[in-house]
$ cat my_file.pdb   # PDB, C-alpha atoms and all ligand atoms
ATOM      1  CA  MET A 538     -45.287 -28.240 152.784
ATOM      2  CA  ASN A 539     -47.287 -25.939 154.968
ATOM      3  CA  VAL A 540     -47.219 -22.540 153.287
ATOM      4  CA  ASN A 541     -48.116 -20.072 155.990
ATOM      5  CA  SER A 542     -45.254 -17.623 155.871
ATOM      6  CA  LYS A 543     -45.921 -13.924 155.507
ATOM      7  CA  GLU A 544     -42.935 -13.027 153.400
ATOM      8  CA  LEU A 545     -40.254 -14.349 151.115
ATOM      9  CA  PHE A 546     -37.089 -12.820 149.722
ATOM     10  CA  MET A 547     -37.074 -12.255 145.979
ATOM     11  CA  ASP A 548     -34.753 -10.260 143.732
ATOM     12  CA  GLY A 549     -33.246  -8.199 146.504
ATOM     13  CA  LYS A 550     -36.373  -7.479 148.563
ATOM     14  CA  PHE A 551     -38.623  -9.016 151.181
ATOM     15  CA  VAL A 552     -42.082  -9.268 149.622
ATOM     16  CA  PRO A 553     -45.469 -10.661 150.693
ATOM     17  CA  GLN A 554     -45.913 -14.388 149.999
ATOM     18  CA  GLU A 555     -48.465 -13.778 147.229
ATOM     19  CA  GLN A 556     -45.905 -11.810 145.212
ATOM     20  CA  GLY A 557     -43.671 -14.879 144.963
ATOM     21  CA  VAL A 558     -44.633 -15.747 141.383
ATOM     22  CA  ILE A 559     -42.659 -16.366 138.198
ATOM     23  CA  SER A 560     -43.598 -16.164 134.533
ATOM     24  CA  VAL A 561     -44.549 -19.258 132.536
ATOM     25  CA  ARG A 562     -41.786 -18.188 130.137
ATOM     26  CA  THR A 563     -39.016 -18.432 132.743
ATOM     27  CA  HIS A 564     -35.931 -20.281 131.441
ATOM     28  CA  ALA A 565     -35.590 -22.359 134.636
ATOM     29  CA  PHE A 566     -39.214 -23.477 134.425
ATOM     30  CA  ALA A 567     -38.714 -24.834 130.907
ATOM     31  CA  TYR A 568     -35.229 -26.290 131.338
ATOM     32  CA  GLY A 569     -34.588 -26.812 135.055
ATOM     33  CA  THR A 570     -31.725 -24.310 134.916
ATOM     34  CA  GLY A 571     -31.607 -23.344 138.551
ATOM     35  CA  CYS A 572     -29.894 -24.549 141.678
ATOM     36  CA  PHE A 573     -31.094 -24.583 145.239
ATOM     37  CA  GLU A 574     -30.433 -25.422 148.862
ATOM     38  CA  GLY A 575     -32.452 -26.807 151.717
ATOM     39  CA  ILE A 576     -31.533 -25.404 155.117
ATOM     40  CA  ARG A 577     -33.171 -26.323 158.383
ATOM     41  CA  GLY A 578     -33.763 -24.073 161.329
ATOM     42  CA  TYR A 579     -34.403 -25.881 164.615
ATOM     43  CA  TRP A 580     -36.524 -24.461 167.401
ATOM     44  CA  ASN A 581     -34.994 -24.730 170.868
ATOM     45  CA  GLU A 582     -37.831 -24.339 173.362
ATOM     46  CA  GLU A 583     -35.608 -23.900 176.401
ATOM     47  CA  GLN A 584     -33.588 -21.136 174.805
ATOM     48  CA  GLN A 585     -36.570 -19.692 172.875
ATOM     49  CA  GLN A 586     -34.368 -19.664 169.830
ATOM     50  CA  VAL A 587     -34.307 -20.848 166.219
ATOM     51  CA  TYR A 588     -30.894 -22.117 165.140
ATOM     52  CA  LEU A 589     -30.062 -22.316 161.431
ATOM     53  CA  PHE A 590     -27.898 -25.398 161.020
ATOM     54  CA  ARG A 591     -24.661 -24.903 159.082
ATOM     55  CA  ALA A 592     -26.266 -22.171 156.975
ATOM     56  CA  ARG A 593     -22.902 -20.777 155.882
ATOM     57  CA  GLU A 594     -21.818 -24.156 154.471
ATOM     58  CA  HIS A 595     -25.113 -24.464 152.598
ATOM     59  CA  TYR A 596     -24.569 -21.065 151.015
ATOM     60  CA  GLU A 597     -20.979 -21.917 150.126
ATOM     61  CA  ARG A 598     -22.335 -24.959 148.309
ATOM     62  CA  LEU A 599     -24.985 -22.803 146.586
ATOM     63  CA  LEU A 600     -22.244 -20.472 145.356
ATOM     64  CA  ASN A 601     -20.414 -23.497 143.943
ATOM     65  CA  SER A 602     -23.591 -24.721 142.243
ATOM     66  CA  CYS A 603     -24.006 -21.226 140.760
ATOM     67  CA  LYS A 604     -20.447 -21.305 139.461
ATOM     68  CA  ILE A 605     -21.099 -24.629 137.713
ATOM     69  CA  LEU A 606     -24.375 -23.321 136.238
ATOM     70  CA  GLN A 607     -22.932 -19.927 135.280
ATOM     71  CA  ILE A 608     -25.262 -18.022 137.573
ATOM     72  CA  ALA A 609     -23.923 -14.761 138.993
ATOM     73  CA  LEU A 610     -25.240 -14.500 142.541
ATOM     74  CA  PRO A 611     -24.593 -10.984 143.833
ATOM     75  CA  TYR A 612     -24.130 -12.013 147.475
ATOM     76  CA  THR A 613     -21.444 -13.567 149.662
ATOM     77  CA  ALA A 614     -22.225 -16.587 151.832
ATOM     78  CA  ASP A 615     -22.252 -14.342 154.910
ATOM     79  CA  GLU A 616     -24.716 -11.928 153.317
ATOM     80  CA  LEU A 617     -26.975 -14.847 152.419
ATOM     81  CA  VAL A 618     -26.928 -16.018 156.044
ATOM     82  CA  GLU A 619     -27.924 -12.501 157.163
ATOM     83  CA  ILE A 620     -30.811 -12.398 154.665
ATOM     84  CA  SER A 621     -31.980 -15.810 155.909
ATOM     85  CA  ILE A 622     -31.953 -14.672 159.519
ATOM     86  CA  GLU A 623     -34.001 -11.629 158.636
ATOM     87  CA  LEU A 624     -36.506 -13.686 156.653
ATOM     88  CA  VAL A 625     -37.228 -16.037 159.565
ATOM     89  CA  ARG A 626     -37.492 -13.039 161.906
ATOM     90  CA  ARG A 627     -39.870 -11.196 159.608
ATOM     91  CA  ASN A 628     -42.027 -14.307 159.434
ATOM     92  CA  GLY A 629     -41.927 -14.490 163.243
ATOM     93  CA  GLN A 630     -41.278 -18.230 162.973
ATOM     94  CA  LYS A 631     -40.659 -19.821 166.363
ATOM     95  CA  GLN A 632     -40.762 -23.462 165.314
ATOM     96  CA  ASP A 633     -38.759 -25.836 163.116
ATOM     97  CA  VAL A 634     -38.383 -24.212 159.714
ATOM     98  CA  TYR A 635     -37.071 -25.096 156.287
ATOM     99  CA  LEU A 636     -35.425 -22.488 154.087
ATOM    100  CA  ARG A 637     -35.323 -22.971 150.358
ATOM    101  CA  PRO A 638     -32.955 -20.592 148.515
ATOM    102  CA  VAL A 639     -33.170 -20.874 144.711
ATOM    103  CA  ALA A 640     -30.864 -19.202 142.174
ATOM    104  CA  TYR A 641     -32.242 -19.612 138.683
ATOM    105  CA  LYS A 642     -32.129 -18.522 135.072
ATOM    106  CA  SER A 643     -35.061 -16.159 134.969
ATOM    107  CA  GLN A 644     -34.829 -14.629 131.530
ATOM    108  CA  MET A 645     -37.847 -15.190 129.304
ATOM    109  CA  ILE A 646     -36.087 -16.612 126.287
ATOM    110  CA  LEU A 647     -36.162 -19.804 124.282
ATOM    111  CA  GLY A 648     -32.738 -21.427 123.919
ATOM    112  CA  VAL A 649     -30.943 -23.807 126.227
ATOM    113  CA  ASN A 650     -27.659 -21.948 126.736
ATOM    114  CA  LEU A 651     -26.375 -21.141 130.208
ATOM    115  CA  HIS A 652     -24.298 -18.124 129.261
ATOM    116  CA  GLY A 653     -25.806 -14.748 128.597
ATOM    117  CA  VAL A 654     -29.069 -15.602 130.345
ATOM    118  CA  SER A 655     -30.011 -13.329 133.244
ATOM    119  CA  ASP A 656     -30.803 -14.856 136.617
ATOM    120  CA  SER A 657     -32.773 -14.268 139.789
ATOM    121  CA  PHE A 658     -32.621 -15.366 143.384
ATOM    122  CA  LEU A 659     -35.212 -16.078 146.037
ATOM    123  CA  ILE A 660     -35.513 -17.645 149.485
ATOM    124  CA  THR A 661     -38.633 -19.053 151.099
ATOM    125  CA  SER A 662     -39.015 -20.136 154.710
ATOM    126  CA  GLU A 663     -41.706 -22.584 155.845
ATOM    127  CA  PRO A 664     -42.534 -24.519 159.011
ATOM    128  CA  GLN A 665     -41.300 -28.101 158.565
ATOM    129  CA  GLY A 666     -41.349 -31.358 160.507
ATOM    130  CA  ASN A 667     -39.727 -34.682 159.590
ATOM    131  CA  TYR A 668     -39.317 -35.448 155.885
ATOM    132  CA  VAL A 669     -38.955 -39.220 156.191
ATOM    133  CA  ASP A 670     -39.727 -41.836 158.828
ATOM    134  CA  LEU A 671     -36.903 -41.933 161.358
ATOM    135  CA  GLY A 672     -37.896 -45.250 162.908
ATOM    136  CA  GLY A 673     -36.420 -47.605 160.259
ATOM    137  CA  MET A 674     -36.710 -47.310 156.481
ATOM    138  CA  ARG A 675     -37.181 -50.055 153.909
ATOM    139  CA  CYS A 676     -35.177 -49.332 150.782
ATOM    140  CA  GLY A 677     -34.908 -50.746 147.293
ATOM    141  CA  VAL A 678     -31.986 -50.434 144.886
ATOM    142  CA  SER A 679     -33.324 -48.367 142.019
ATOM    143  CA  SER A 680     -33.393 -49.411 138.391
ATOM    144  CA  TRP A 681     -32.702 -45.728 137.661
ATOM    145  CA  ARG A 682     -28.980 -44.964 137.649
ATOM    146  CA  ARG A 683     -27.569 -41.838 139.281
ATOM    147  CA  ILE A 684     -26.798 -39.008 136.865
ATOM    148  CA  ASP A 685     -23.139 -38.788 135.911
ATOM    149  CA  ASP A 686     -20.878 -35.804 136.593
ATOM    150  CA  ASN A 687     -20.275 -35.444 132.856
ATOM    151  CA  ALA A 688     -23.984 -35.388 132.062
ATOM    152  CA  MET A 689     -25.628 -33.549 134.973
ATOM    153  CA  PRO A 690     -23.282 -32.946 137.903
ATOM    154  CA  ALA A 691     -24.763 -34.197 141.182
ATOM    155  CA  ARG A 692     -22.126 -32.089 142.977
ATOM    156  CA  ALA A 693     -24.261 -29.057 142.092
ATOM    157  CA  LYS A 694     -27.764 -29.064 143.528
ATOM    158  CA  ILE A 695     -29.403 -28.425 140.148
ATOM    159  CA  CYS A 696     -33.198 -28.152 139.952
ATOM    160  CA  GLY A 697     -33.502 -30.255 136.780
ATOM    161  CA  ALA A 698     -31.378 -33.022 138.299
ATOM    162  CA  TYR A 699     -34.181 -33.811 140.714
ATOM    163  CA  VAL A 700     -36.095 -35.499 137.908
ATOM    164  CA  ASN A 701     -33.529 -38.299 138.370
ATOM    165  CA  SER A 702     -34.367 -38.376 142.097
ATOM    166  CA  ALA A 703     -38.096 -38.288 141.374
ATOM    167  CA  PHE A 704     -37.871 -41.303 139.026
ATOM    168  CA  ALA A 705     -36.044 -43.262 141.707
ATOM    169  CA  LYS A 706     -38.224 -42.162 144.640
ATOM    170  CA  SER A 707     -41.510 -42.908 142.868
ATOM    171  CA  GLU A 708     -40.308 -46.259 141.596
ATOM    172  CA  ALA A 709     -39.269 -47.210 145.136
ATOM    173  CA  MET A 710     -42.536 -46.071 146.709
ATOM    174  CA  GLN A 711     -44.700 -47.622 144.014
ATOM    175  CA  ASN A 712     -42.848 -50.893 144.631
ATOM    176  CA  GLY A 713     -43.686 -50.669 148.330
ATOM    177  CA  TYR A 714     -40.394 -49.300 149.678
ATOM    178  CA  ASP A 715     -39.869 -46.072 151.584
ATOM    179  CA  GLU A 716     -36.828 -44.874 149.689
ATOM    180  CA  ALA A 717     -34.525 -45.634 146.746
ATOM    181  CA  ILE A 718     -30.805 -46.297 146.762
ATOM    182  CA  MET A 719     -29.273 -45.338 143.435
ATOM    183  CA  LEU A 720     -26.210 -46.871 141.820
ATOM    184  CA  THR A 721     -23.744 -45.128 139.517
ATOM    185  CA  ASN A 722     -23.560 -46.106 135.849
ATOM    186  CA  GLU A 723     -20.693 -48.416 136.830
ATOM    187  CA  GLY A 724     -22.970 -50.106 139.347
ATOM    188  CA  HIS A 725     -21.542 -48.806 142.606
ATOM    189  CA  VAL A 726     -23.625 -47.398 145.443
ATOM    190  CA  SER A 727     -24.179 -43.658 145.054
ATOM    191  CA  GLU A 728     -26.923 -42.191 147.256
ATOM    192  CA  GLY A 729     -30.625 -41.993 148.058
ATOM    193  CA  SER A 730     -33.054 -39.731 146.189
ATOM    194  CA  ALA A 731     -32.167 -36.834 148.498
ATOM    195  CA  GLU A 732     -29.822 -38.373 151.063
ATOM    196  CA  ASN A 733     -26.278 -39.603 151.386
ATOM    197  CA  ILE A 734     -25.716 -43.132 152.631
ATOM    198  CA  PHE A 735     -23.483 -44.652 155.311
ATOM    199  CA  LEU A 736     -22.806 -48.311 156.111
ATOM    200  CA  LEU A 737     -21.413 -49.614 159.365
ATOM    201  CA  MET A 738     -19.100 -52.552 158.664
ATOM    202  CA  ASN A 739     -16.431 -54.128 160.827
ATOM    203  CA  GLY A 740     -16.535 -51.303 163.368
ATOM    204  CA  ALA A 741     -16.114 -48.458 160.858
ATOM    205  CA  PHE A 742     -18.340 -46.245 158.712
ATOM    206  CA  ILE A 743     -18.080 -46.380 154.945
ATOM    207  CA  THR A 744     -19.671 -43.947 152.519
ATOM    208  CA  PRO A 745     -19.328 -43.435 148.749
ATOM    209  CA  SER A 746     -16.471 -41.098 147.824
ATOM    210  CA  PRO A 747     -17.129 -37.673 146.218
ATOM    211  CA  SER A 748     -16.481 -39.072 142.725
ATOM    212  CA  GLU A 749     -19.428 -41.513 142.990
ATOM    213  CA  ASN A 750     -21.840 -38.878 141.606
ATOM    214  CA  ILE A 751     -23.112 -37.802 145.001
ATOM    215  CA  LEU A 752     -24.132 -34.437 146.326
ATOM    216  CA  LEU A 753     -21.490 -33.638 148.920
ATOM    217  CA  GLY A 754     -23.910 -33.394 151.802
ATOM    218  CA  ILE A 755     -23.504 -31.052 154.740
ATOM    219  CA  THR A 756     -25.088 -33.747 156.918
ATOM    220  CA  ARG A 757     -22.598 -36.269 155.494
ATOM    221  CA  ASP A 758     -19.789 -34.008 156.677
ATOM    222  CA  THR A 759     -21.496 -33.517 160.054
ATOM    223  CA  VAL A 760     -21.860 -37.281 160.472
ATOM    224  CA  MET A 761     -18.203 -37.949 159.673
ATOM    225  CA  LYS A 762     -17.112 -35.356 162.228
ATOM    226  CA  LEU A 763     -19.505 -36.458 164.978
ATOM    227  CA  ALA A 764     -18.757 -40.153 164.381
ATOM    228  CA  GLN A 765     -15.064 -39.587 164.802
ATOM    229  CA  ARG A 766     -15.045 -37.020 167.604
ATOM    230  CA  GLU A 767     -17.947 -38.254 169.707
ATOM    231  CA  MET A 768     -18.253 -41.957 168.959
ATOM    232  CA  GLY A 769     -14.764 -43.037 167.879
ATOM    233  CA  TYR A 770     -15.813 -44.277 164.424
ATOM    234  CA  GLN A 771     -13.585 -43.578 161.443
ATOM    235  CA  THR A 772     -15.319 -43.060 158.064
ATOM    236  CA  TYR A 773     -13.793 -44.476 154.893
ATOM    237  CA  GLU A 774     -14.850 -42.832 151.634
ATOM    238  CA  ARG A 775     -14.634 -45.518 148.951
ATOM    239  CA  GLN A 776     -16.435 -47.405 146.192
ATOM    240  CA  ILE A 777     -19.196 -49.587 147.621
ATOM    241  CA  ASP A 778     -20.665 -52.619 145.891
ATOM    242  CA  ARG A 779     -24.408 -53.229 145.862
ATOM    243  CA  THR A 780     -24.129 -56.468 147.821
ATOM    244  CA  GLU A 781     -22.173 -54.786 150.604
ATOM    245  CA  LEU A 782     -25.505 -53.152 151.415
ATOM    246  CA  TYR A 783     -26.995 -56.582 152.143
ATOM    247  CA  VAL A 784     -24.272 -57.604 154.601
ATOM    248  CA  ALA A 785     -23.687 -54.297 156.405
ATOM    249  CA  ASP A 786     -24.189 -54.309 160.190
ATOM    250  CA  GLU A 787     -26.140 -51.060 159.980
ATOM    251  CA  ILE A 788     -27.088 -48.551 157.296
ATOM    252  CA  PHE A 789     -28.474 -45.058 157.546
ATOM    253  CA  LEU A 790     -29.387 -42.282 155.148
ATOM    254  CA  CYS A 791     -28.677 -38.686 156.026
ATOM    255  CA  GLY A 792     -29.515 -35.254 154.730
ATOM    256  CA  THR A 793     -30.931 -31.936 155.821
ATOM    257  CA  GLY A 794     -34.452 -33.184 155.138
ATOM    258  CA  ALA A 795     -34.005 -36.821 156.181
ATOM    259  CA  GLN A 796     -31.762 -35.965 159.161
ATOM    260  CA  ILE A 797     -30.433 -39.360 160.353
ATOM    261  CA  ALA A 798     -32.725 -42.066 158.995
ATOM    262  CA  PRO A 799     -31.743 -45.662 159.844
ATOM    263  CA  VAL A 800     -32.384 -48.283 157.159
ATOM    264  CA  VAL A 801     -33.666 -51.661 158.352
ATOM    265  CA  GLU A 802     -34.141 -53.443 155.037
ATOM    266  CA  VAL A 803     -32.646 -53.295 151.517
ATOM    267  CA  ASP A 804     -34.128 -55.313 148.641
ATOM    268  CA  HIS A 805     -36.021 -57.517 151.153
ATOM    269  CA  ARG A 806     -32.841 -58.369 153.096
ATOM    270  CA  ALA A 807     -32.875 -57.406 156.770
ATOM    271  CA  ILE A 808     -29.974 -55.126 157.683
ATOM    272  CA  GLY A 809     -28.316 -56.432 160.834
ATOM    273  CA  THR A 810     -31.141 -57.516 163.121
ATOM    274  CA  GLY A 811     -33.756 -55.869 160.899
ATOM    275  CA  LYS A 812     -34.360 -53.240 163.602
ATOM    276  CA  VAL A 813     -32.839 -49.789 164.107
ATOM    277  CA  GLY A 814     -29.250 -50.490 165.183
ATOM    278  CA  PRO A 815     -27.607 -49.052 168.317
ATOM    279  CA  VAL A 816     -24.991 -47.008 166.451
ATOM    280  CA  GLY A 817     -27.548 -45.373 164.140
ATOM    281  CA  LYS A 818     -29.795 -44.608 167.113
ATOM    282  CA  LYS A 819     -26.965 -43.081 169.119
ATOM    283  CA  LEU A 820     -25.900 -40.964 166.172
ATOM    284  CA  GLN A 821     -29.483 -39.843 165.586
ATOM    285  CA  ASP A 822     -29.827 -38.721 169.234
ATOM    286  CA  LEU A 823     -26.499 -36.926 169.110
ATOM    287  CA  TYR A 824     -27.426 -35.242 165.828
ATOM    288  CA  PHE A 825     -30.670 -33.884 167.276
ATOM    289  CA  ASP A 826     -28.842 -32.517 170.318
ATOM    290  CA  VAL A 827     -26.323 -30.792 168.079
ATOM    291  CA  VAL A 828     -28.778 -29.293 165.550
ATOM    292  CA  ARG A 829     -31.101 -28.005 168.275
ATOM    293  CA  GLY A 830     -28.214 -26.147 169.869
ATOM    294  CA  ARG A 831     -28.144 -28.316 173.007
ATOM    295  CA  ARG A 832     -24.407 -28.853 172.706
ATOM    296  CA  ALA A 833     -22.535 -25.627 173.488
ATOM    297  CA  ASP A 834     -19.360 -26.685 171.660
ATOM    298  CA  TYR A 835     -21.129 -27.386 168.361
ATOM    299  CA  ARG A 836     -23.611 -24.542 168.801
ATOM    300  CA  GLU A 837     -20.780 -22.071 168.577
ATOM    301  CA  GLN A 838     -19.471 -23.622 165.388
ATOM    302  CA  TRP A 839     -22.580 -24.715 163.472
ATOM    303  CA  CYS A 840     -25.768 -23.118 164.819
ATOM    304  CA  THR A 841     -26.692 -19.560 163.823
ATOM    305  CA  PRO A 842     -29.222 -17.955 166.200
ATOM    306  CA  VAL A 843     -32.068 -16.102 164.487
ATOM    307  CA  TYR A 844     -33.363 -14.112 167.427
ATOM    308  CA  THR A 845     -31.157 -11.670 169.271
ATOM    309  CA  SER A 846     -31.721 -11.808 173.015
ATOM    310  CA  VAL A 847     -31.437 -15.367 174.154
ATOM    311  CA  ALA A 848     -30.618 -17.065 177.431
ATOM    312  CA  GLN A 849     -27.660 -19.358 176.698
ATOM    313  CA  HIS A 850     -27.641 -22.695 178.477
ATOM    314  CA  SER A 851     -25.405 -25.659 177.734
TER
HETATM  315  N1  LIG F 901     -27.974 -36.076 148.131
HETATM  316  C1  LIG F 901     -28.990 -35.457 147.497
HETATM  317  C2  LIG F 901     -29.300 -35.852 146.097
HETATM  318  C3  LIG F 901     -29.734 -34.472 148.149
HETATM  319  O1  LIG F 901     -30.748 -33.858 147.536
HETATM  320  C4  LIG F 901     -29.436 -34.157 149.501
HETATM  321  C5  LIG F 901     -30.253 -33.130 150.235
HETATM  322  N2  LIG F 901     -29.766 -31.841 150.054
HETATM  323  C6  LIG F 901     -28.363 -34.816 150.111
HETATM  324  C7  LIG F 901     -27.658 -35.773 149.400
HETATM  325  C8  LIG F 901     -27.941 -34.466 151.493
HETATM  326  O2  LIG F 901     -27.327 -33.202 151.507
HETATM  327  P1  LIG F 901     -27.376 -32.270 152.783
HETATM  328  O3  LIG F 901     -26.915 -33.106 153.926
HETATM  329  O4  LIG F 901     -26.431 -31.161 152.477
HETATM  330  O5  LIG F 901     -28.763 -31.808 152.946
END
$ encode --input "my_file.pdb" --output "structure tokens"
Amino acid sequence: MNVNSKELFMDGKFVPQEQGVISVRTHAFAYGTGCFEGIRGYWNEEQQQVYLFRAREHYERLLNSCKILQIALPYTADELVEISIELVRRNGQKQDVYLRPVAYKSQMILGVNLHGVSDSFLITSEPQGNYVDLGGMRCGVSSWRRIDDNAMPARAKICGAYVNSAFAKSEAMQNGYDEAIMLTNEGHVSEGSAENIFLLMNGAFITPSPSENILLGITRDTVMKLAQREMGYQTYERQIDRTELYVADEIFLCGTGAQIAPVVEVDHRAIGTGKVGPVGKKLQDLYFDVVRGRRADYREQWCTPVYTSVAQHS
């Protein structure tokens, strides 16, 4: 990540980047007791505008994560969107950006309880390009199982839970793949290390249901809506077997970071033709039009402009 922002938001104030430090005794540092979001802002050259994509939904999810972790965040989702807008403005960022809000247990105490531990909140904003290769990923099913809701709920975007993702991602990369696909303890398909997964089979999309220990992705929701409204594909949320991956017509991963990343190989089996499929490509193009605010209908609904005076074109 390219850290060249002037300011970040921390404990109620905008402060210079160098003041964004925490103590070695911080609870969240020792135990992973924080939760976070990743929000993208897309630069639209023609409109000279940065659009934050579905920022409100990200903050609603953060508030849910906080509820699960017993963190009292003293802001509403709308206030958090306003703070985010101001942060990007203060940093003068006129490019693609990535915002990272983190709510965490900040008290300097030993003891693993969630209750009675004071918390803090910060947001950083950095320039950001693509997180993964969008031209066809090679994936491996991980030997690491996805964390279970009754052990470490994937529904909440908990800092410590990303150790599970890191095990899977490193194993995949060290075995020569680009990304991991994790299974649940029962052996059904769950998700990538930081992406939800969709299969195209028999003319419909299928994706693991919310009870398959997935993070309920904002991009997942965006994909289901765009697929239905713009491309005529219905999505079925259901249990997916590992070997359905091998025989799918197309597969793609999706997430704020990954965007729409087609998968061309799983466990050395070519998916479809072994090249990026036409449906994944079409969806990827559509997604980029929508997130960059090039589609007036979706811009209204999902894209929050950062800068005030802007020429609006469709
Ligand atoms: N699953 C996991 C584990 C993730 O970390 C992410 C990225 N936030 C996603 C799915 C995709 O979620 P979203 O589309 O909201 O970014």
$ closest_atom_pairs --input "my_file.pdb" --of "chain A" --to "ligand LIG 901 (chain F)" --cutoff "6 Å" --atoms "all atoms listed in the file" --output "CSV"
residue,atom,partner,partner_atom,distance
A:Gly575,CA,F:LIG901,N2,5.9
A:Ser730,CA,F:LIG901,C2,5.4
A:Ala731,CA,F:LIG901,C3,3.4
A:Glu732,CA,F:LIG901,C7,3.8
A:Asn733,CA,F:LIG901,C7,4.5
A:Leu752,CA,F:LIG901,N1,4.6
A:Gly754,CA,F:LIG901,O4,3.4
A:Ile755,CA,F:LIG901,O4,3.7
A:Thr756,CA,F:LIG901,O3,3.6
A:Arg757,CA,F:LIG901,O3,5.6
A:Gly792,CA,F:LIG901,O3,3.5
A:Thr793,CA,F:LIG901,O5,3.6
$ resolve_selection --input "my_file.pdb" --expression "the PyMOL selection byres (((chain A and resi 540-552) around 7) and not hetatm)" --output "PyMOL selection string"
chain A and resi 538-539+553-554+556+624+628+657-663
$ atom_distance --input "my_file.pdb" --atom1 "CA of Asp778 in chain A" --atom2 "CA of Ile734 in chain A"
12.7 Å
$ atom_distance --input "my_file.pdb" --atom1 "CA of Leu647 in chain A" --atom2 "CA of Leu610 in chain A"
21.9 Å
$ atom_distance --input "my_file.pdb" --atom1 "CA of Leu737 in chain A" --atom2 "CA of Tyr635 in chain A"
29.3 Å
